[in-house]
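This is coords.csv. It holds CSV, C-alpha atoms.
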```
chain,number,residue,atom,x,y,z
L,117,MET,CA,-58.4,-110.6,-176.6
L,118,THR,CA,-56.9,-107.5,-175.0
L,119,PRO,CA,-59.4,-106.0,-172.5
L,120,LEU,CA,-60.9,-102.7,-173.6
L,121,PRO,CA,-60.1,-99.8,-171.4
L,122,SER,CA,-63.1,-98.6,-169.4
L,123,PRO,CA,-64.5,-95.4,-170.7
L,124,THR,CA,-65.1,-92.5,-168.4
L,125,LEU,CA,-67.9,-90.0,-168.7
L,126,ALA,CA,-66.7,-86.5,-168.8
L,127,PRO,CA,-69.5,-84.3,-167.4
L,128,ALA,CA,-70.7,-81.3,-169.3
L,129,THR,CA,-69.2,-78.0,-168.1
L,130,THR,CA,-72.7,-76.7,-167.3
L,131,PRO,CA,-74.8,-79.5,-165.7
L,132,SER,CA,-78.4,-79.7,-166.6
L,133,SER,CA,-81.3,-81.5,-164.9
L,134,ALA,CA,-82.8,-84.5,-166.6
L,135,PRO,CA,-85.8,-83.8,-168.8
L,136,ALA,CA,-89.3,-84.7,-167.5
L,137,PRO,CA,-90.8,-87.9,-168.9
L,138,ARG,CA,-93.1,-87.3,-171.8
L,139,PRO,CA,-95.0,-89.4,-174.4
L,140,ARG,CA,-93.0,-90.3,-177.5
L,141,ALA,CA,-94.4,-90.0,-181.0
L,142,TRP,CA,-91.2,-91.2,-182.5
L,143,PRO,CA,-88.7,-94.0,-181.3
L,144,SER,CA,-85.7,-92.9,-179.3
L,145,VAL,CA,-82.3,-92.8,-181.1
L,146,GLY,CA,-78.8,-92.7,-179.8
L,147,ILE,CA,-76.4,-90.9,-182.2
L,148,VAL,CA,-72.9,-92.3,-181.7
L,149,VAL,CA,-70.1,-90.0,-183.0
L,150,ILE,CA,-66.4,-90.9,-182.6
L,151,ASN,CA,-63.7,-88.3,-182.3
L,152,TYR,CA,-60.0,-89.1,-182.7
L,153,ASN,CA,-57.7,-86.1,-183.1
L,154,GLY,CA,-60.3,-84.5,-185.3
L,155,TRP,CA,-62.1,-81.9,-183.2
L,156,ALA,CA,-62.7,-79.5,-186.1
L,157,LEU,CA,-64.6,-82.1,-188.2
L,158,THR,CA,-66.4,-83.3,-185.1
L,159,ASP,CA,-67.4,-79.7,-184.2
L,160,ASP,CA,-69.0,-79.3,-187.7
L,161,CYS,CA,-70.8,-82.6,-187.3
L,162,LEU,CA,-72.1,-81.7,-183.8
L,163,ARG,CA,-73.3,-78.3,-185.0
L,164,SER,CA,-75.3,-80.0,-187.7
L,165,LEU,CA,-76.8,-82.5,-185.3
L,166,ALA,CA,-77.9,-79.6,-183.0
L,167,ALA,CA,-80.2,-78.5,-185.8
L,168,LEU,CA,-81.9,-81.8,-186.2
L,169,ASP,CA,-85.7,-81.6,-186.1
L,170,TYR,CA,-86.1,-85.1,-184.6
L,171,PRO,CA,-87.9,-85.1,-181.3
L,172,ASP,CA,-86.1,-87.9,-179.4
L,173,ALA,CA,-82.4,-88.1,-180.2
L,174,GLN,CA,-79.4,-88.2,-177.8
L,175,VAL,CA,-75.9,-87.6,-179.0
L,176,ILE,CA,-73.3,-90.0,-177.5
L,177,LEU,CA,-69.9,-88.5,-178.2
L,178,VAL,CA,-66.9,-90.8,-177.7
L,179,ASP,CA,-63.3,-89.6,-177.7
L,180,ASN,CA,-61.1,-92.5,-178.7
L,181,GLY,CA,-57.9,-91.6,-177.0
L,182,SER,CA,-57.1,-88.3,-178.8
L,183,THR,CA,-53.6,-87.0,-178.3
L,184,ASP,CA,-54.3,-83.5,-179.5
L,185,ASP,CA,-56.4,-80.8,-177.8
L,186,SER,CA,-59.7,-82.4,-179.0
L,187,LEU,CA,-61.3,-82.7,-175.6
L,188,ALA,CA,-60.6,-79.1,-174.6
L,189,GLN,CA,-61.7,-77.8,-178.0
L,190,LEU,CA,-65.0,-79.8,-178.0
L,191,ARG,CA,-65.8,-79.0,-174.4
L,192,ALA,CA,-65.3,-75.3,-175.1
L,193,ARG,CA,-67.6,-75.4,-178.1
L,194,HIS,CA,-70.2,-77.8,-176.8
L,195,PRO,CA,-70.3,-77.3,-173.0
L,196,ASP,CA,-73.6,-79.2,-172.6
L,197,GLN,CA,-72.4,-82.3,-174.5
L,198,PRO,CA,-71.0,-85.0,-172.2
L,199,VAL,CA,-68.1,-87.0,-173.6
L,200,LEU,CA,-67.3,-90.7,-173.1
L,201,THR,CA,-63.5,-90.8,-173.0
L,202,ILE,CA,-61.3,-93.8,-173.8
L,203,PRO,CA,-57.8,-93.6,-172.4
L,204,ARG,CA,-56.1,-94.9,-175.6
L,205,ASN,CA,-57.0,-95.5,-179.3
L,206,VAL,CA,-58.8,-98.8,-179.3
L,207,GLY,CA,-59.9,-98.6,-182.9
L,208,PHE,CA,-62.9,-97.1,-184.7
L,209,THR,CA,-64.9,-100.3,-184.3
L,210,ALA,CA,-64.4,-100.8,-180.6
L,211,ALA,CA,-65.0,-97.1,-179.9
L,212,ASN,CA,-68.3,-97.3,-181.7
L,213,ASN,CA,-69.2,-100.3,-179.5
L,214,VAL,CA,-68.5,-98.1,-176.4
L,215,GLY,CA,-71.1,-95.6,-177.7
L,216,THR,CA,-73.5,-98.4,-178.7
L,217,ARG,CA,-73.4,-100.0,-175.3
L,218,GLU,CA,-74.2,-96.7,-173.8
L,219,ALA,CA,-77.3,-96.4,-176.1
L,220,LEU,CA,-78.3,-99.9,-175.1
L,221,ARG,CA,-77.9,-99.1,-171.4
L,222,ARG,CA,-80.2,-96.2,-171.9
L,223,GLY,CA,-82.8,-98.4,-173.5
L,224,LEU,CA,-83.0,-96.6,-176.8
L,225,ASP,CA,-84.8,-98.0,-179.8
L,226,TYR,CA,-82.2,-97.3,-182.5
L,227,VAL,CA,-78.4,-96.5,-182.7
L,228,TRP,CA,-77.3,-94.2,-185.4
L,229,LEU,CA,-73.6,-94.7,-186.1
L,230,LEU,CA,-72.4,-91.4,-187.7
L,231,ASN,CA,-68.9,-90.7,-188.8
L,232,ASN,CA,-67.5,-87.4,-187.4
L,233,ASP,CA,-66.4,-86.2,-190.9
L,234,THR,CA,-70.1,-85.8,-191.9
L,235,VAL,CA,-72.6,-82.9,-191.9
L,236,VAL,CA,-76.3,-83.7,-192.0
L,237,PRO,CA,-79.5,-81.7,-192.7
L,238,PRO,CA,-82.2,-81.2,-190.1
L,239,ASP,CA,-84.6,-83.8,-191.6
L,240,VAL,CA,-82.2,-86.7,-192.1
L,241,LEU,CA,-83.0,-88.6,-189.0
L,242,HIS,CA,-86.7,-88.3,-189.6
L,243,GLU,CA,-86.2,-89.9,-193.0
L,244,LEU,CA,-84.0,-92.7,-191.7
L,245,VAL,CA,-86.4,-93.6,-188.9
L,246,LYS,CA,-89.5,-93.4,-191.1
L,247,VAL,CA,-88.1,-96.0,-193.5
L,248,ALA,CA,-87.1,-98.3,-190.6
L,249,GLU,CA,-90.5,-97.9,-188.9
L,250,ASP,CA,-92.3,-98.5,-192.2
L,251,HIS,CA,-90.4,-101.8,-192.7
L,252,PRO,CA,-90.2,-103.6,-189.3
L,253,ARG,CA,-87.9,-106.4,-190.6
L,254,LEU,CA,-85.2,-104.0,-191.6
L,255,GLY,CA,-82.3,-104.4,-189.2
L,256,ALA,CA,-80.4,-101.3,-190.6
L,257,VAL,CA,-81.0,-98.3,-192.8
L,258,THR,CA,-78.5,-95.8,-194.3
L,259,SER,CA,-78.7,-92.5,-196.0
L,260,VAL,CA,-77.5,-91.4,-199.4
L,261,LEU,CA,-74.0,-90.0,-199.3
L,262,TYR,CA,-72.7,-86.9,-201.0
L,263,HIS,CA,-69.3,-85.3,-201.1
L,264,LEU,CA,-68.7,-82.8,-198.3
L,265,ARG,CA,-66.6,-80.5,-200.5
L,266,ARG,CA,-68.8,-80.9,-203.6
L,267,PRO,CA,-72.3,-80.9,-202.0
L,268,GLU,CA,-74.3,-81.8,-205.2
L,269,GLU,CA,-72.0,-84.7,-206.2
L,270,LEU,CA,-73.1,-88.2,-205.2
L,271,GLN,CA,-70.5,-90.1,-203.3
L,272,SER,CA,-72.5,-93.4,-203.1
L,273,TRP,CA,-76.1,-94.6,-202.8
L,274,GLY,CA,-75.2,-95.8,-199.3
L,275,GLY,CA,-75.0,-99.5,-199.9
L,276,GLY,CA,-73.0,-101.9,-201.9
L,277,TYR,CA,-72.2,-105.5,-202.9
L,278,VAL,CA,-69.4,-108.0,-202.1
L,279,ASP,CA,-67.9,-110.5,-204.5
L,280,LEU,CA,-67.0,-113.4,-202.3
L,281,TRP,CA,-65.0,-115.1,-205.1
L,282,ARG,CA,-63.0,-112.1,-206.3
L,283,GLY,CA,-62.4,-110.7,-202.8
L,284,SER,CA,-63.7,-107.3,-203.6
L,285,ALA,CA,-66.6,-104.9,-202.8
L,286,ALA,CA,-68.0,-101.7,-204.2
L,287,LEU,CA,-70.6,-99.1,-203.3
L,288,PHE,CA,-73.6,-98.5,-205.6
L,289,GLU,CA,-73.6,-95.1,-207.3
L,290,ALA,CA,-77.2,-95.1,-208.4
L,291,PRO,CA,-80.6,-96.3,-206.9
L,292,VAL,CA,-80.9,-100.1,-206.6
L,293,ASP,CA,-83.4,-102.6,-205.3
L,294,TRP,CA,-82.8,-103.3,-201.7
L,295,ALA,CA,-82.6,-107.0,-202.5
L,296,ARG,CA,-79.2,-106.3,-204.2
L,297,LEU,CA,-77.7,-104.8,-201.0
L,298,ASP,CA,-75.0,-107.0,-199.4
L,299,PHE,CA,-74.0,-104.3,-197.0
L,300,LEU,CA,-74.7,-100.7,-196.0
L,301,ALA,CA,-71.9,-98.1,-195.5
L,302,GLY,CA,-71.2,-97.5,-191.8
L,303,THR,CA,-70.8,-93.7,-192.5
L,304,SER,CA,-74.4,-93.0,-191.5
L,305,LEU,CA,-75.9,-96.3,-190.3
L,306,LEU,CA,-79.2,-96.5,-188.3
L,307,VAL,CA,-79.4,-99.9,-186.6
L,308,ARG,CA,-82.4,-101.3,-184.7
L,309,THR,CA,-81.3,-102.1,-181.2
L,310,ARG,CA,-83.4,-105.3,-181.2
L,311,ALA,CA,-81.4,-106.5,-184.2
L,312,LEU,CA,-78.1,-105.7,-182.4
L,313,GLN,CA,-79.3,-107.6,-179.3
L,314,GLU,CA,-79.9,-110.6,-181.6
L,315,VAL,CA,-76.7,-110.7,-183.7
L,316,GLY,CA,-74.3,-108.8,-181.5
L,317,LEU,CA,-72.4,-105.6,-181.8
L,318,LEU,CA,-69.6,-104.7,-184.3
L,319,ASP,CA,-66.8,-107.3,-184.4
L,320,GLU,CA,-63.8,-105.6,-182.7
L,321,ARG,CA,-61.4,-107.8,-184.5
L,322,TYR,CA,-61.8,-105.3,-187.3
L,323,PHE,CA,-59.8,-102.3,-186.0
L,324,MET,CA,-61.5,-100.3,-188.7
L,325,TYR,CA,-63.0,-100.9,-192.2
L,326,TRP,CA,-65.2,-103.9,-193.2
L,327,GLU,CA,-66.8,-103.9,-189.8
L,328,ASP,CA,-70.0,-102.5,-191.4
L,329,ALA,CA,-70.0,-105.2,-194.1
L,330,ASP,CA,-69.5,-107.9,-191.4
L,331,LEU,CA,-72.4,-106.6,-189.3
L,332,CYS,CA,-74.7,-106.5,-192.4
L,333,PHE,CA,-73.8,-110.0,-193.4
L,334,ARG,CA,-74.7,-111.2,-189.8
L,335,LEU,CA,-78.0,-109.2,-189.9
L,336,ARG,CA,-78.9,-110.8,-193.3
L,337,GLN,CA,-78.0,-114.3,-192.1
L,338,ALA,CA,-80.3,-113.7,-189.1
L,339,GLY,CA,-83.2,-112.7,-191.4
L,340,TRP,CA,-83.0,-108.9,-191.1
L,341,GLY,CA,-83.2,-106.8,-194.1
L,342,LEU,CA,-81.2,-103.7,-195.2
L,343,GLY,CA,-82.7,-100.5,-196.6
L,344,ILE,CA,-81.8,-97.1,-197.9
L,345,ALA,CA,-83.7,-93.9,-197.0
L,346,GLU,CA,-83.6,-92.2,-200.4
L,347,ARG,CA,-84.7,-88.8,-199.0
L,348,ALA,CA,-82.0,-88.8,-196.3
L,349,ARG,CA,-78.9,-87.0,-197.3
L,350,THR,CA,-75.5,-87.1,-195.6
L,351,TRP,CA,-72.4,-85.1,-196.7
L,352,HIS,CA,-69.2,-87.0,-196.1
L,353,LEU,CA,-65.5,-86.1,-196.4
L,354,GLY,CA,-64.2,-89.7,-196.3
L,355,ALA,CA,-61.2,-91.4,-194.7
L,356,ALA,CA,-60.2,-88.4,-192.6
L,357,SER,CA,-58.9,-90.5,-189.7
L,358,MET,CA,-56.3,-92.2,-191.9
L,359,GLY,CA,-54.4,-89.1,-192.9
L,360,MET,CA,-56.2,-88.7,-196.3
L,361,SER,CA,-57.9,-85.6,-197.7
L,362,THR,CA,-59.9,-87.6,-200.2
L,363,MET,CA,-61.3,-91.1,-200.6
L,364,THR,CA,-58.7,-91.8,-203.4
L,365,ASP,CA,-55.5,-90.4,-201.7
L,366,LYS,CA,-54.7,-93.5,-199.8
L,367,SER,CA,-52.0,-93.5,-197.0
L,368,THR,CA,-50.0,-96.5,-195.9
L,369,ALA,CA,-52.0,-96.5,-192.7
L,370,TYR,CA,-55.1,-97.0,-194.8
L,371,GLU,CA,-53.5,-99.7,-196.9
L,372,LEU,CA,-52.5,-101.6,-193.8
L,373,GLN,CA,-55.8,-101.4,-191.9
L,374,PHE,CA,-58.0,-101.9,-195.0
L,375,THR,CA,-56.1,-105.0,-196.0
L,376,LYS,CA,-56.0,-106.5,-192.5
L,377,SER,CA,-59.8,-106.1,-192.2
L,378,ALA,CA,-60.4,-107.4,-195.7
L,379,VAL,CA,-58.4,-110.5,-195.1
L,380,ARG,CA,-60.4,-111.2,-191.9
L,381,PHE,CA,-63.7,-110.6,-193.6
L,382,PHE,CA,-63.1,-113.0,-196.5
L,383,ARG,CA,-61.6,-115.6,-194.2
L,384,ARG,CA,-64.9,-115.5,-192.3
L,385,HIS,CA,-67.5,-115.1,-195.1
L,386,ALA,CA,-66.1,-116.4,-198.4
L,387,PRO,CA,-67.0,-119.9,-199.4
L,388,VAL,CA,-63.4,-120.6,-200.4
L,389,PRO,CA,-61.3,-118.0,-198.6
L,390,ALA,CA,-58.1,-118.8,-200.4
L,391,VAL,CA,-59.6,-117.9,-203.8
L,392,ALA,CA,-61.0,-114.6,-202.5
L,393,LEU,CA,-57.7,-113.7,-200.8
L,394,LEU,CA,-55.6,-114.4,-203.8
L,395,ALA,CA,-58.0,-112.5,-206.2
L,396,GLY,CA,-58.5,-109.6,-203.8
L,397,PRO,CA,-55.8,-108.6,-201.4
L,398,GLY,CA,-53.3,-110.7,-203.4
L,399,THR,CA,-54.0,-108.6,-206.5
L,400,TYR,CA,-53.8,-105.4,-204.5
L,401,LEU,CA,-50.3,-106.4,-203.5
L,402,VAL,CA,-49.1,-107.3,-207.0
L,403,LYS,CA,-50.4,-104.0,-208.5
L,404,ARG,CA,-48.6,-101.9,-205.9
L,405,VAL,CA,-45.3,-103.9,-206.6
L,406,LEU,CA,-45.7,-103.5,-210.3
L,407,ARG,CA,-46.2,-99.7,-209.9
L,408,GLY,CA,-43.1,-99.5,-207.7
L,409,GLN,CA,-45.2,-98.3,-204.7
L,410,TRP,CA,-43.0,-100.1,-202.3
L,411,GLN,CA,-44.2,-98.5,-199.1
L,412,ARG,CA,-47.8,-99.1,-199.9
L,413,ALA,CA,-47.0,-102.7,-201.0
L,414,ALA,CA,-45.2,-103.3,-197.7
L,415,ALA,CA,-48.3,-101.9,-195.8
L,416,VAL,CA,-50.6,-104.3,-197.7
L,417,ALA,CA,-48.3,-107.3,-197.0
L,418,ARG,CA,-48.1,-106.4,-193.3
L,419,GLY,CA,-51.9,-106.0,-193.1
L,420,GLY,CA,-52.3,-109.5,-194.5
L,421,TRP,CA,-49.8,-110.9,-192.1
L,422,LEU,CA,-51.4,-109.3,-189.1
L,423,ALA,CA,-54.8,-110.7,-190.1
L,424,VAL,CA,-53.6,-114.3,-190.2
L,425,ARG,CA,-50.9,-114.5,-187.5
L,426,PRO,CA,-51.7,-116.7,-184.5
L,427,ASP,CA,-52.4,-113.7,-182.2
L,428,PRO,CA,-54.3,-111.2,-184.4
L,429,ARG,CA,-54.6,-108.6,-181.6
```

Could you spell out this file's structure in structure tokens?
Amino acid sequence: MTPLPSPTLAPATTPSSAPAPRPRAWPSVGIVVINYNGWALTDDCLRSLAALDYPDAQVILVDNGSTDDSLAQLRARHPDQPVLTIPRNVGFTAANNVGTREALRRGLDYVWLLNNDTVVPPDVLHELVKVAEDHPRLGAVTSVLYHLRRPEELQSWGGGYVDLWRGSAALFEAPVDWARLDFLAGTSLLVRTRALQEVGLLDERYFMYWEDADLCFRLRQAGWGLGIAERARTWHLGAASMGMSTMTDKSTAYELQFTKSAVRFFRRHAPVPAVALLAGPGTYLVKRVLRGQWQRAAAVARGGWLAVRPDPR
């Protein structure tokens, strides 16, 4: 496995003294936000986080090797916000682990993995933590997702199911019993650090996509539950890092990364991987060929090959 570049902590422009210790009525939360060439979205996300009414939250901002002027823009707009900087793009999953390790180093009770293409209301973290605290065996909790551009339109209920025989997965679009949840969307995922210490962090073999499902499968296998905070709303653009303006406008970069991660997931978790791979990624490939979408078909084929080649890194 290729060693991960060591992140460096870029100090805030205006240093501030550490706050005095005080009793906590609520558990501590580290909010991990990843930026990659998307400072405008990250800026909106950070501004919404600044309005949170939660008493003990710390934003852990990670820049994942941006090649634009993201660092300069974010430092100018948020001078008191330190930034963990990674020299090169190591992938969404590995970048989240950089932030998560920092939260664990600080001894925080929860890690909230929040996509940078989101905007949240002031009460969202209260709602997430309340559900987690009311159910001590929940390893992770997510919020209900709404479209960022169409604020009253539901994007998903925040969790979904996986068909390990058909090689497919889908998010629920209406309230469901928690027992039906196979995974929670990583868009806005509050994870108990005690659970992470037991099952491990996100699997960095997933460059991006399916890492949330893999983590949730490992949590469930270890006896942790999954829950949805129905009163917690998060507005989400979707797939911004892959050159798409919507969830349905899929780029070839998306096709490659999604397929690569899907193949790895089903090889690990499906009872008969060959069946799942033929029914899922195999069907994706055939559909794109039949539609004459040659570039997207090539991306799907390459993603599958990268997932099974002897050196997957």

#### Entry: For range 257-268 of chain L: contacts at 8 Å, only C-alpha atoms, fewer than 2 positions along chain excluded, given as a PyMOL selection string
chain L and resi 234-235+240+244+247-248+254-255+270-275+300-302+304-307+342-353

For the interface of range 255-369 of chain L with range 209-213 of chain L (cut-off 12 Å, counting only C-alpha atoms), please tabulate each contacting residue of range 255-369 of chain L alongside its nearest pair of atoms and their separation in Å to one decimal, rows sorted by chain and increasing number, as a Markdown table.
```
| residue | atom | partner | partner_atom | distance |
| --- | --- | --- | --- | --- |
| L:Gly302 | CA | L:Thr209 | CA | 10.2 |
| L:Thr303 | CA | L:Asn212 | CA | 11.7 |
| L:Leu305 | CA | L:Asn212 | CA | 11.5 |
| L:Leu312 | CA | L:Asn213 | CA | 10.8 |
| L:Gly316 | CA | L:Asn213 | CA | 10.1 |
| L:Leu317 | CA | L:Asn213 | CA | 6.6 |
| L:Leu318 | CA | L:Thr209 | CA | 6.4 |
| L:Asp319 | CA | L:Thr209 | CA | 7.3 |
| L:Glu320 | CA | L:Ala210 | CA | 5.3 |
| L:Arg321 | CA | L:Thr209 | CA | 8.3 |
| L:Tyr322 | CA | L:Thr209 | CA | 6.6 |
| L:Phe323 | CA | L:Thr209 | CA | 5.7 |
| L:Met324 | CA | L:Thr209 | CA | 5.6 |
| L:Tyr325 | CA | L:Thr209 | CA | 8.1 |
| L:Trp326 | CA | L:Thr209 | CA | 9.6 |
| L:Glu327 | CA | L:Thr209 | CA | 6.8 |
| L:Asp328 | CA | L:Thr209 | CA | 9.0 |
| L:Asp330 | CA | L:Thr209 | CA | 11.4 |
| L:Leu331 | CA | L:Thr209 | CA | 11.0 |
```

### Query
What is the CA of Pro389 in chain L to CA of Arg404 in chain L distance in Å?
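CA of Pro389 in chain L sits 21.8 Å away from CA of Arg404 in chain L.
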
### Task
Please identify all polymer residues within 9 Å of Trp340 in chain L, counting all atoms listed in the file, omitting same-chain residues fewer than 3 positions from it, and present them as a PyMOL selection string.
chain L and resi 253-256+311+332+334-337

### Message
Given the point (-87.7, -80.3, -187.4) in the coordinates of this file, which residues lie within 9 Å, counting all atoms listed in the file, and how would they look as a VMD selection string?
### Response
chain L and resid 167 to 171 238 to 239 242

### Distance in Å - CA of Gln409 in chain L versus CA of Ala390 in chain L
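Separation between CA of Gln409 in chain L and CA of Ala390 in chain L: 24.6 Å.
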